[in-house]
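What follows is a single structure, written as structure tokens, with notes after it.
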Amino acid sequence: MTAQPSSRWSLFLAAPSLGVVLIFVVLPYANILLMSVREPSTTAVYGDGFTLDNYLKILLDPFYLWLLWRTFKIALVTVMACIVLGYPVALHLARTPSRTRSMLYALVLSPLLTGVVVRCFGWLVLLANNGAVNMLLADLGLPRLRLVYNEFGVIVACVHVFLPMMILPVMNTIQSIDPRYEEAARTLGATPRQAFLRVLLPLSLPGVQSGAVLVFVLTASAYVIPALLGGGRVQTMPTIVVEQLLGTLLWPSGAAIAILLSIGIIVVLLLLLLPLRFAARGVA
Amino acid sequence: MRLSRFLAGTFLTFVYGFLLTPFVVVILTSLNAADYLSFPPQALSWRWYGAFFGSASFLTALWTSILVAALTAPLAALIGTPAAIYFVRHMRKYREAFRFAVLSPLILPEILTAIALLFLFNQTVGTYRSIGPLIVSHVVITLPFVFLTVSSALYNLPPNVEEAARTLGADARRTFVHVTFPLIKSGVVTGMLLSFIVSFDNVNLSLLLKPQGQTTLPILLMDNLRYNFDATTAAASVVSALLTLSIVLLIDRLYGLSAVRF
Amino acid sequence: MAYLELKGLVKDFGGVRAIDDVSISIEEGTFASFLGPSGCGKTTTLRCVAGLETATSGTISFRGRDVTSLPVERRNIGMVFQNYALFPHMTVAENVAFGMRMRGRATSEIDRRVDHILQLVQLPDHRRRYPRELSGGQQQRVALARALVFEPDILLLDEPLANLDAKLRVEMRSFIRSLQKEVGITTIYVTHDQAEAMTMSDVVVVMFDGKVHQVDKPTAIYADPRSALVAQFIGAANVVPGRLVDGAFEAGFGRIVARGGTQRNDPVQAVIRPEDIVLSAEPSSSSFPVRIVDAEFLGNLVHYTVETDTGVTLAVQALGEQRYDIGRTVHVGVEGRGVWILP
């Protein structure tokens, strides 16, 4: 199948989607940047003139810095939990024979299709003070635990919601690794454990990396889960931004917070990814 | 050896169970006969489903969600299908850039996209809390799915079939109508159904852009979870989940789940 | 007037010249093979004739009519692809009917012709099957039926047998050839398999590196190759440099009567086929001595590698009755018919 030469009118095929992206993605994002340097106003979404105060106010306010720290902390803990829980599942899925695999695969995917609110609901019922877990503890004579409306509840729900996003990339990567590499290692005298640690694990790291980036970005920018599981008591950057935008009219500050969150995410990703890349190169 | 096998098996069961538990909880809660939210339920009843189907606010929200999703999906297909065709068949230079651009709504954090569109609609159209902007924003976020499924279908076309059609006397238009489109139909339909699901379940965009006085089902569920919790919400959640799951089953029935390939 | 005429055809892909100044004339009803190694430009030439590629320069004419700028769908060609390219979402009957549907023929006529051609390709009961239910050979026959049913001007085949196993390939070879004879259609057949080209064709077009080296009957290609490349591609060949002296080929180690070449004393190259070299233990008036360097016993044939006293190496194919050991000196005679001077 050779690509046909692009005639002039075939560009019309691409025009609608490019138009959508330009007008509804590029332009609006640039506009956030613009909004973030506008003067805030209490009577309209923004006032006259431009200023960098929005940024200064946030950067100099320890509350916001602490908020940023907490958002990233939750995200990082979620990532690590997802790696610990997700890697074995991905490994299992990738190396299972096809029949059971498609069933289990559907099982892993199904949470993705039922909406985040439904899933949060389940956790709220489970972890509430008179929810299932605490009822069980009470029956066993153990003291109750505060499991919701705190960081713990938020993290548990984030791990649950984003676990498939770790499992899928890792599974895909492992599936693309030829099992003959491990077989070769075994013929050279490696035990199954050594073959795994020295051959499969290093080769699968790119998948882990993709999953980690995905889960990190999703968690750090998550709104619904902290809003529901945090119950107003656990604020993260996204929840504060939404509050500012919907509750008050201080859109410029909301915009500045959103920008700073984005920059923060990119910085943390770079800090995480660079050493990982060196490690992968060294091991592989 | 046996011990590590057993531990591995237990661990895996735990994780699979972890993934499933919240649904089981929601389902059981929705069937609880008691008045208060207790777990586990002592007796089962359909009463909360009755309450759901008798609740005007829930039904309106459900209907709004379905409407928005039903309008979003075909629009996403109309825009995404030609984009995929252009990308796979006609594009020579800047391919990676184009692909990145079309897939960007998937890569960018949804809450930021929501904020960006909130600003945009407010500053340009003036009305940002209405159905039009809401649907536009849903189309933006579902477009990548159609693009991916249709691209995949195009890549999986048997080689040379379009050339064969040309040698048999079909011009470019007739080749598309008689050969190309029938063969990528599975990609288009799968993309549309995925778009429906994504739009139906969406929270971030709907939260910021929904019309005043109207709401979608996920938003209504969220509000209920925050402010007043009762088992009707559980019944609503189950209905919502069943709806999206049945669409996935539909895809499987039509084309097999392998069609959901990127 | 030739049925198909290519004049000065050139095709460039970016900076690469795939075919260079290709000029061929083919008469009506001929089965012509384009033969050459991968990358020689034979498929590119075919695709230019089909209209699937646009030539950079040169002209293509069908029956005197210039079709160079005519789009594919208007050239009235029938094409068979290497991987069959059957439409997976259509039945066999729908596949075969496609060309006629595009031409707006009446349904009754279409049905009649489809049935007739399916009989011809020996698949009369397969109307309602889908391509995926057919074997490779059956799919290939459907592809042929589809390409022939609307009586195109030219039949083009792009390595159609490459995906079939060896036995099926031989069967299909004769099938395609007899079908073509029965229908009488001018045919171009692209292949890299010289056995296919030699056994099936009226005319063989040998190509290397985008250029046509020879257009001839198969026997002429074998006996009178135009270049060393052609000689070496078709059958094995020894290409030996030497001089042409008074009608005989002289190469330092001996002197042999030869065919071809002009009568001057020029340096030339001679082609000596291994099977035309005769080994014997005793010398004769026209023989020259060689030493046996290697021997491969293949049942009733033996492949020897021998070396002359001037250091020239020759490949020899002999019957296995007489076996000579390595290191032995034997005497070589060459049948006069077997030395051909390259032009």
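Following the order of the structure tokens, chains are lettered A, B, ..., residues in each are numbered from 1, and ligands are numbered from 1.
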
**OP:** Please determine the contact residues of chain B with respect to chain C at a cut-off of 7 Å, counting only C-alpha atoms, and supply them as a ChimeraX atom specification.
**Re:** /B:158-161,164,166-171

**OP:** Would you mind writing down, as a PyMOL selection string, each residue of stretch 71-279 of chain A that DSSP on the backbone assigns to alpha helix (DSSP H)?
**Re:** chain A and resi 71-95+98-109+116-127+132-139+151-175+179-187+192-195+201-220+224-230+237-247+251-279

Test item: residues at most 8 Å from A:Gln175, only C-alpha atoms, excluding those fewer than 4 positions along its chain, as a PDB file with N, CA and C atoms, in the first residue's frame:
ATOM      1  N   ALA A  94       0.603 -10.897  31.132  1.00  0.00           N
ATOM      2  CA  ALA A  94       1.381 -10.990  29.897  1.00  0.00           C
ATOM      3  C   ALA A  94       1.797 -12.423  29.602  1.00  0.00           C
ATOM      4  N   ARG A  95       1.968 -13.204  30.654  1.00  0.00           N
ATOM      5  CA  ARG A  95       2.492 -14.544  30.433  1.00  0.00           C
ATOM      6  C   ARG A  95       1.448 -15.626  30.603  1.00  0.00           C
ATOM      7  N   MET A 171       2.117  -4.419  30.867  1.00  0.00           N
ATOM      8  CA  MET A 171       1.736  -5.666  30.215  1.00  0.00           C
ATOM      9  C   MET A 171       2.125  -5.651  28.744  1.00  0.00           C
TER      10      MET A 171
END

Subject >> Neighbour list for A:Ala132 as a PyMOL selection string, cut-off 7 Å, only C-alpha atoms, skip fewer than 4 positions in-chain >> reply: (chain A and resi 125-127+136) or (chain B and resi 39-40)

**OP:** Excluding stretch 294-299 of chain C and any residue of its chain fewer than 4 positions from it, enumerate the residues within 9 Å of it, using only C-alpha atoms, and give them as a ChimeraX atom specification.
**Re:** /C:303-306,320,323-327

Write the residues of the selection above to a file with N, CA and C atoms, as a compact mmCIF listing (two decimals), in the first residue's frame.
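Output contents, as saved in part.txt:
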# COMPACT_ATOMS: atom_id res chain seq x y z
N HIS C 303 29.27 -31.56 -10.22
CA HIS C 303 29.72 -30.19 -10.49
C HIS C 303 31.20 -30.09 -10.17
N TYR C 304 31.99 -29.88 -11.19
CA TYR C 304 33.41 -29.72 -10.95
C TYR C 304 33.80 -28.26 -11.01
N THR C 305 34.79 -27.91 -10.22
CA THR C 305 35.45 -26.63 -10.42
C THR C 305 36.86 -26.94 -10.90
N VAL C 306 37.21 -26.41 -12.06
CA VAL C 306 38.54 -26.74 -12.60
C VAL C 306 39.33 -25.47 -12.82
N GLY C 320 27.54 -38.27 -14.16
CA GLY C 320 28.29 -38.90 -13.09
C GLY C 320 28.95 -40.22 -13.43
N ARG C 323 34.08 -40.46 -12.79
CA ARG C 323 34.35 -39.58 -11.67
C ARG C 323 35.84 -39.29 -11.64
N TYR C 324 36.16 -37.98 -11.50
CA TYR C 324 37.57 -37.63 -11.43
C TYR C 324 37.85 -37.06 -10.05
N ASP C 325 39.01 -37.44 -9.50
CA ASP C 325 39.32 -36.97 -8.14
C ASP C 325 39.92 -35.58 -8.16
N ILE C 326 39.87 -34.97 -7.01
CA ILE C 326 40.44 -33.63 -6.87
C ILE C 326 41.95 -33.70 -6.99
N GLY C 327 42.47 -32.75 -7.71
CA GLY C 327 43.93 -32.69 -7.87
C GLY C 327 44.38 -33.29 -9.19

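Any residue of chain B with an atom no more than 6 Å from chain A counts as a contact; using only C-alpha atoms, that gives Pro22, Val25, Val26, Phe39, Ile79, Pro82, Ala83, Tyr86, Arg89, His90, Ala116, Leu117, Leu120, Pro159, Asn160, Asp201, Ser237 and Ala241 of chain B.
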
Would you mind exporting N, CA and C atoms of the selected residues as a PDB file, in the first residue's frame?
ATOM      1  N   PRO B  22     -14.896  -2.321  45.060  1.00  0.00           N
ATOM      2  CA  PRO B  22     -15.833  -1.198  45.130  1.00  0.00           C
ATOM      3  C   PRO B  22     -17.148  -1.468  44.402  1.00  0.00           C
ATOM      4  N   VAL B  25     -19.341  -3.677  46.398  1.00  0.00           N
ATOM      5  CA  VAL B  25     -19.906  -2.882  47.495  1.00  0.00           C
ATOM      6  C   VAL B  25     -21.079  -2.038  47.012  1.00  0.00           C
ATOM      7  N   VAL B  26     -20.886  -1.372  45.875  1.00  0.00           N
ATOM      8  CA  VAL B  26     -21.954  -0.504  45.377  1.00  0.00           C
ATOM      9  C   VAL B  26     -23.192  -1.313  45.034  1.00  0.00           C
ATOM     10  N   PHE B  39     -23.512  -1.757  55.827  1.00  0.00           N
ATOM     11  CA  PHE B  39     -22.823  -2.771  55.056  1.00  0.00           C
ATOM     12  C   PHE B  39     -22.306  -3.832  55.997  1.00  0.00           C
ATOM     13  N   ILE B  79     -15.346  13.923  12.617  1.00  0.00           N
ATOM     14  CA  ILE B  79     -14.095  14.687  12.542  1.00  0.00           C
ATOM     15  C   ILE B  79     -12.896  13.756  12.587  1.00  0.00           C
ATOM     16  N   PRO B  82     -12.005  11.246   8.999  1.00  0.00           N
ATOM     17  CA  PRO B  82     -11.163  11.812   7.936  1.00  0.00           C
ATOM     18  C   PRO B  82      -9.749  12.118   8.397  1.00  0.00           C
ATOM     19  N   ALA B  83      -9.599  12.524   9.669  1.00  0.00           N
ATOM     20  CA  ALA B  83      -8.254  12.808  10.171  1.00  0.00           C
ATOM     21  C   ALA B  83      -7.389  11.557  10.116  1.00  0.00           C
ATOM     22  N   TYR B  86      -6.533  10.739   6.484  1.00  0.00           N
ATOM     23  CA  TYR B  86      -5.481  11.624   6.011  1.00  0.00           C
ATOM     24  C   TYR B  86      -4.135  11.186   6.562  1.00  0.00           C
ATOM     25  N   ARG B  89      -3.169   7.550   5.033  1.00  0.00           N
ATOM     26  CA  ARG B  89      -3.052   7.392   3.586  1.00  0.00           C
ATOM     27  C   ARG B  89      -2.347   8.534   2.879  1.00  0.00           C
ATOM     28  N   HIS B  90      -2.491   9.734   3.376  1.00  0.00           N
ATOM     29  CA  HIS B  90      -2.036  10.865   2.567  1.00  0.00           C
ATOM     30  C   HIS B  90      -0.842  11.605   3.136  1.00  0.00           C
ATOM     31  N   ALA B 116      -9.258  25.509  30.506  1.00  0.00           N
ATOM     32  CA  ALA B 116      -8.931  26.253  29.292  1.00  0.00           C
ATOM     33  C   ALA B 116     -10.192  26.559  28.491  1.00  0.00           C
ATOM     34  N   LEU B 117     -11.067  25.539  28.366  1.00  0.00           N
ATOM     35  CA  LEU B 117     -12.283  25.757  27.583  1.00  0.00           C
ATOM     36  C   LEU B 117     -13.259  26.663  28.309  1.00  0.00           C
ATOM     37  N   LEU B 120     -12.108  30.051  27.490  1.00  0.00           N
ATOM     38  CA  LEU B 120     -12.316  30.351  26.076  1.00  0.00           C
ATOM     39  C   LEU B 120     -13.756  30.707  25.794  1.00  0.00           C
ATOM     40  N   PRO B 159      -3.285  -5.568   2.280  1.00  0.00           N
ATOM     41  CA  PRO B 159      -2.549  -4.710   1.361  1.00  0.00           C
ATOM     42  C   PRO B 159      -3.143  -4.758  -0.045  1.00  0.00           C
ATOM     43  N   ASN B 160      -3.023  -3.703  -0.763  1.00  0.00           N
ATOM     44  CA  ASN B 160      -3.371  -3.634  -2.185  1.00  0.00           C
ATOM     45  C   ASN B 160      -4.857  -3.655  -2.525  1.00  0.00           C
ATOM     46  N   ASP B 201     -19.400   9.242  31.036  1.00  0.00           N
ATOM     47  CA  ASP B 201     -18.809   9.198  32.371  1.00  0.00           C
ATOM     48  C   ASP B 201     -18.064  10.456  32.768  1.00  0.00           C
ATOM     49  N   SER B 237     -25.785   4.592  40.485  1.00  0.00           N
ATOM     50  CA  SER B 237     -24.432   4.226  40.067  1.00  0.00           C
ATOM     51  C   SER B 237     -24.435   2.906  39.316  1.00  0.00           C
ATOM     52  N   ALA B 241     -23.270   2.265  35.531  1.00  0.00           N
ATOM     53  CA  ALA B 241     -22.215   1.319  35.186  1.00  0.00           C
ATOM     54  C   ALA B 241     -22.724   0.251  34.227  1.00  0.00           C
TER      55      ALA B 241
END

**OP:** Could you check which of A:Leu203, A:Leu56, A:Ala75, A:Ala184 is closest to A:Met237, using only C-alpha atoms?
**Re:**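 For A:Met237, the nearest of the given residues is A:Ala75.
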
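Going from atom CA of C:Ile176 over to atom CA of C:Ala195, you cover 14.5 Å.
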
Subject >> Surrounding residues of C:Asp66 excluding itself and chain neighbours under 6 positions, 12 Å, only C-alpha atoms, as a list in words >> reply: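 Here the answer would be Tyr3, Leu4, Glu5, Leu6, Lys7, Val49, Gly58, Thr59, Ile60 and Arg75 of chain C.
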